[in-house]
file start07.cif (mmCIF, C-alpha atoms)
data_final
#
loop_
_atom_site.label_atom_id
_atom_site.label_comp_id
_atom_site.auth_asym_id
_atom_site.auth_seq_id
_atom_site.Cartn_x
_atom_site.Cartn_y
_atom_site.Cartn_z
CA MET B 1 -19.72 13.29 -42.01
CA ASN B 2 -22.89 12.81 -40.03
CA LEU B 3 -23.40 13.96 -36.45
CA PHE B 4 -23.17 10.45 -34.98
CA LYS B 5 -19.68 9.90 -36.44
CA LYS B 6 -18.47 13.28 -35.13
CA ILE B 7 -19.75 12.55 -31.63
CA SER B 8 -18.25 9.05 -31.70
CA ILE B 9 -14.84 10.39 -32.74
CA ALA B 10 -14.98 13.06 -30.03
CA VAL B 11 -15.83 10.45 -27.37
CA VAL B 12 -12.99 8.17 -28.51
CA ILE B 13 -10.53 11.09 -28.44
CA LEU B 14 -11.72 12.07 -24.96
CA ILE B 15 -11.35 8.50 -23.65
CA LEU B 16 -7.86 8.16 -25.15
CA THR B 17 -6.84 11.51 -23.65
CA VAL B 18 -8.03 10.49 -20.17
CA LEU B 19 -6.36 7.07 -20.42
CA GLY B 20 -3.15 8.71 -21.65
CA TYR B 21 -3.14 11.11 -18.72
CA PHE B 22 -3.59 8.29 -16.17
CA TYR B 23 -0.92 6.19 -17.88
CA TYR B 24 1.50 9.13 -17.76
CA ALA B 25 0.68 10.06 -14.13
CA LEU B 26 0.77 6.50 -12.75
CA ILE B 27 3.34 4.73 -14.92
CA ILE B 28 5.65 7.14 -16.75
CA ASN B 29 6.03 10.01 -14.28
CA PRO B 30 4.27 9.35 -10.97
CA LYS B 31 4.74 11.80 -8.08
CA SER B 32 4.85 8.72 -5.88
CA PRO B 33 6.88 6.11 -7.81
CA GLN B 34 6.20 2.40 -7.58
CA GLY B 35 8.33 0.37 -5.19
CA THR B 36 8.84 -3.35 -4.76
CA ALA B 37 10.12 -5.27 -1.76
CA VAL B 38 11.21 -8.84 -2.49
CA PHE B 39 12.15 -11.71 -0.20
CA ASP B 40 13.51 -14.82 -1.92
CA LYS B 41 15.20 -17.50 0.15
CA ASP B 42 15.07 -21.27 -0.05
CA ASP B 43 11.59 -22.10 -1.32
CA LEU B 44 9.87 -18.96 -0.01
CA LYS B 45 9.26 -15.96 -2.24
CA MET B 46 7.31 -12.87 -1.16
CA GLU B 47 6.84 -9.66 -3.09
CA VAL B 48 5.19 -6.42 -1.99
CA THR B 49 4.24 -3.88 -4.66
CA TYR B 50 3.30 -0.38 -3.51
CA TYR B 51 3.65 3.33 -4.32
CA ARG B 52 6.10 5.51 -2.38
CA PRO B 53 4.89 9.02 -1.43
CA TYR B 54 7.30 11.64 -0.05
CA LYS B 55 7.00 13.55 3.23
CA LYS B 56 7.78 16.94 1.61
CA GLY B 57 7.72 18.79 4.93
CA ARG B 58 4.16 17.70 5.74
CA LEU B 59 2.83 16.31 9.00
CA ILE B 60 2.26 12.67 8.06
CA PHE B 61 0.63 10.99 11.08
CA GLY B 62 -1.36 12.99 13.61
CA ASP B 63 -4.69 14.52 14.49
CA GLU B 64 -7.00 15.64 11.72
CA SER B 65 -7.27 19.06 13.42
CA GLN B 66 -3.51 19.49 12.95
CA GLY B 67 -3.81 18.91 9.20
CA ALA B 68 -2.11 15.50 9.21
CA LEU B 69 -1.89 13.84 5.82
CA LEU B 70 -2.91 10.54 7.47
CA PRO B 71 -5.10 11.31 10.49
CA TYR B 72 -5.28 8.78 13.31
CA GLY B 73 -8.10 6.28 12.90
CA LYS B 74 -8.66 7.01 9.19
CA TYR B 75 -8.31 4.57 6.30
CA TRP B 76 -5.00 4.51 4.40
CA ARG B 77 -4.14 2.38 1.37
CA LEU B 78 -0.52 1.92 2.55
CA GLY B 79 1.10 4.11 -0.05
CA ALA B 80 -0.21 6.22 -2.89
CA ASN B 81 -1.88 5.84 -6.28
CA LEU B 82 -2.98 2.18 -6.36
CA VAL B 83 -3.42 -0.75 -3.99
CA THR B 84 -0.55 -2.19 -1.96
CA LYS B 85 -0.30 -5.88 -2.77
CA ILE B 86 1.60 -8.78 -1.24
CA GLU B 87 2.14 -12.02 -3.13
CA VAL B 88 3.43 -15.21 -1.50
CA ASN B 89 4.27 -18.50 -3.21
CA GLN B 90 3.53 -20.71 -0.21
CA ALA B 91 1.58 -20.66 3.04
CA ILE B 92 2.97 -18.29 5.70
CA THR B 93 2.03 -16.98 9.11
CA PHE B 94 1.68 -13.20 8.80
CA ALA B 95 1.61 -11.52 12.23
CA GLY B 96 -0.01 -14.63 13.65
CA VAL B 97 -2.52 -15.03 10.81
CA ASP B 98 -2.26 -18.02 8.48
CA LEU B 99 -2.19 -17.01 4.80
CA ASP B 100 -2.25 -19.48 1.91
CA ALA B 101 -0.12 -18.96 -1.19
CA GLY B 102 -1.61 -16.17 -3.29
CA SER B 103 -2.08 -12.42 -3.61
CA TYR B 104 -3.58 -10.10 -1.00
CA ARG B 105 -4.20 -6.38 -0.55
CA LEU B 106 -2.95 -4.53 2.52
CA TYR B 107 -4.56 -1.47 4.13
CA ALA B 108 -4.03 0.32 7.42
CA TYR B 109 -5.75 2.49 9.97
CA PRO B 110 -2.87 4.30 11.72
CA GLN B 111 -3.58 5.07 15.37
CA GLU B 112 -1.53 7.12 17.79
CA SER B 113 0.10 4.12 19.52
CA TYR B 114 -0.49 1.25 17.04
CA TRP B 115 -1.68 0.48 13.51
CA GLU B 116 -4.59 -1.71 12.52
CA LEU B 117 -3.51 -3.62 9.41
CA ILE B 118 -6.15 -5.11 7.11
CA VAL B 119 -5.42 -8.15 4.93
CA HIS B 120 -7.92 -8.48 2.08
CA THR B 121 -8.53 -11.35 -0.33
CA ASP B 122 -9.05 -9.32 -3.52
CA PRO B 123 -5.63 -8.25 -4.87
CA PHE B 124 -7.11 -6.08 -7.64
CA GLY B 125 -9.71 -3.92 -5.88
CA SER B 126 -9.90 -0.16 -5.69
CA SER B 127 -7.62 1.70 -3.32
CA ALA B 128 -9.68 4.89 -3.36
CA GLN B 129 -12.22 3.55 -0.90
CA GLU B 130 -12.20 1.43 2.22
CA PRO B 131 -12.00 -2.32 1.63
CA ASP B 132 -15.17 -4.36 1.16
CA PRO B 133 -15.79 -6.03 4.55
CA ALA B 134 -16.70 -9.30 2.80
CA GLY B 135 -13.10 -9.80 1.64
CA ILE B 136 -11.32 -8.96 4.91
CA ILE B 137 -9.56 -12.03 6.24
CA ALA B 138 -7.61 -10.38 9.05
CA ARG B 139 -7.52 -7.24 11.18
CA ILE B 140 -4.16 -7.12 12.94
CA ASN B 141 -3.10 -4.62 15.60
CA LEU B 142 0.61 -3.85 15.26
CA GLU B 143 2.85 -2.00 17.67
CA LYS B 144 4.20 1.30 16.40
CA SER B 145 7.84 2.25 16.98
CA SER B 146 9.43 5.67 16.73
CA LEU B 147 12.51 6.29 14.62
CA ASN B 148 15.30 8.70 15.57
CA GLU B 149 15.69 9.94 12.00
CA ILE B 150 13.05 10.97 9.48
CA VAL B 151 12.38 8.63 6.54
CA GLU B 152 11.47 11.03 3.70
CA GLN B 153 9.88 8.48 1.36
CA PHE B 154 7.47 5.73 2.46
CA THR B 155 9.46 2.49 2.44
CA ILE B 156 8.49 -1.17 2.73
CA ASP B 157 11.24 -3.77 2.94
CA PHE B 158 12.14 -7.11 4.46
CA GLU B 159 14.56 -7.52 7.33
CA THR B 160 15.84 -10.95 8.28
CA SER B 161 17.60 -12.57 11.19
CA PRO B 162 18.52 -16.22 11.68
CA LYS B 163 15.20 -16.83 13.46
CA ASN B 164 12.62 -14.70 11.69
CA ILE B 165 11.54 -12.45 8.83
CA LEU B 166 10.07 -9.00 9.35
CA LEU B 167 8.13 -6.96 6.83
CA ARG B 168 9.06 -3.38 7.74
CA MET B 169 7.07 -0.24 6.95
CA ARG B 170 8.75 3.11 7.63
CA TRP B 171 7.75 6.70 6.98
CA ASP B 172 8.49 9.97 8.74
CA THR B 173 9.44 8.85 12.27
CA THR B 174 7.15 5.79 12.35
CA GLU B 175 8.09 2.14 11.93
CA ILE B 176 5.83 -0.92 11.88
CA ASN B 177 7.26 -4.46 11.91
CA ILE B 178 5.24 -7.48 10.84
CA PRO B 179 6.65 -10.88 11.84
CA ILE B 180 6.44 -13.60 9.19
CA ASN B 181 7.02 -17.34 9.71
#
call {"tool": "encode", "arguments": {"input": "start07.cif", "output": "structure tokens"}}
result
Amino acid sequence: MNLFKKISIAVVILILTVLGYFYYALIINPKSPQGTAVFDKDDLKMEVTYYRPYKKGRLIFGDESQGALLPYGKYWRLGANLVTKIEVNQAITFAGVDLDAGSYRLYAYPQESYWELIVHTDPFGSSAQEPDPAGIIARINLEKSSLNEIVEQFTIDFETSPKNILLRMRWDTTEINIPIN
């Protein structure tokens, strides 16, 4: 076998090994498993897909000097592993911002007293870096609430009342509610 064939086989094996590792770590046995929040009522369907990290005794939100996992004012992809995505089948008002039917990415910049939520047009972009400013369609400041009990695993769900729909994000002792009409 010539040298070119040996190198080609080695490269293919290396690529397959790396892809296999990422498939195993993200799909088969992720440390932060995938979660889905679904709202389906009348003609409206919304689905949020995200990854759910655990607290594991760590300081989640706080100052960088304290060793917080998510320091105030720093970019966060709203979960772990890959992008957090919301899909809607019809136009909605999301925290006062009009969104057409489609898929969007969500990011956050947690602050001490509020969160800045970013809604981005590209549902398939990278979550490892801050969103491309060209695709940002909304920057929304959301009030932060404190919970009495610790939520161990990051959780996104929908809460409904006769008058409105809330998209809820909870982790540690923090809760963010996003009104949807």
call {"tool": "atom_distance", "arguments": {"input": "start07.cif", "atom1": "atom CA of B:Glu152", "atom2": "atom CA of B:Asn177"}}
result
18.0 Å
call {"tool": "residues_around", "arguments": {"input": "start07.cif", "residues": "B:Gln111", "least_positions_apart": "2", "cutoff": "6 Å", "atoms": "all atoms listed in the file", "output": "list in words"}}
result
Tyr72, Gly73, Ser113, Tyr114 and Trp115 of chain B
call {"tool": "resolve_selection", "arguments": {"input": "start07.cif", "expression": "the PyMOL selection byres ((chain B and resi 56) around 12)", "output": "VMD selection string"}}
result
chain B and resid 31 to 32 53 to 55 57 to 60 69 150 to 154 171 to 172
call {"tool": "resolve_selection", "arguments": {"input": "start07.cif", "expression": "the PyMOL selection byres ((chain B and resi 165) around 10)", "output": "VMD selection string"}}
result
chain B and resid 39 94 158 to 164 166 to 168 177 to 181
call {"tool": "residues_near_point", "arguments": {"input": "start07.cif", "point": "(-9.3, -3.9, 3.5)", "cutoff": "10 Å", "atoms": "only C-alpha atoms", "output": "ChimeraX atom specification"}}
result
/B:75-77,104-109,117-122,125-127,129-139
call {"tool": "atom_distance", "arguments": {"input": "start07.cif", "atom1": "atom CA of B:Thr84", "atom2": "atom CA of B:Asp98"}}
result
19.0 Å
call {"tool": "resolve_selection", "arguments": {"input": "start07.cif", "expression": "the PyMOL selection byres ((chain B and resi 37) around 10)", "output": "number ranges by chain"}}
result
B: 35-36, 38-39, 46-50, 86, 155-158, 167-168
call {"tool": "atom_distance", "arguments": {"input": "start07.cif", "atom1": "atom CA of B:Leu82", "atom2": "atom CA of B:Ala128"}}
result
7.8 Å
call {"tool": "closest_residue", "arguments": {"input": "start07.cif", "among": "B:Lys41, B:Glu87, B:Glu112, B:Ile7", "to": "B:Lys74", "atoms": "only C-alpha atoms"}}
result
B:Glu112
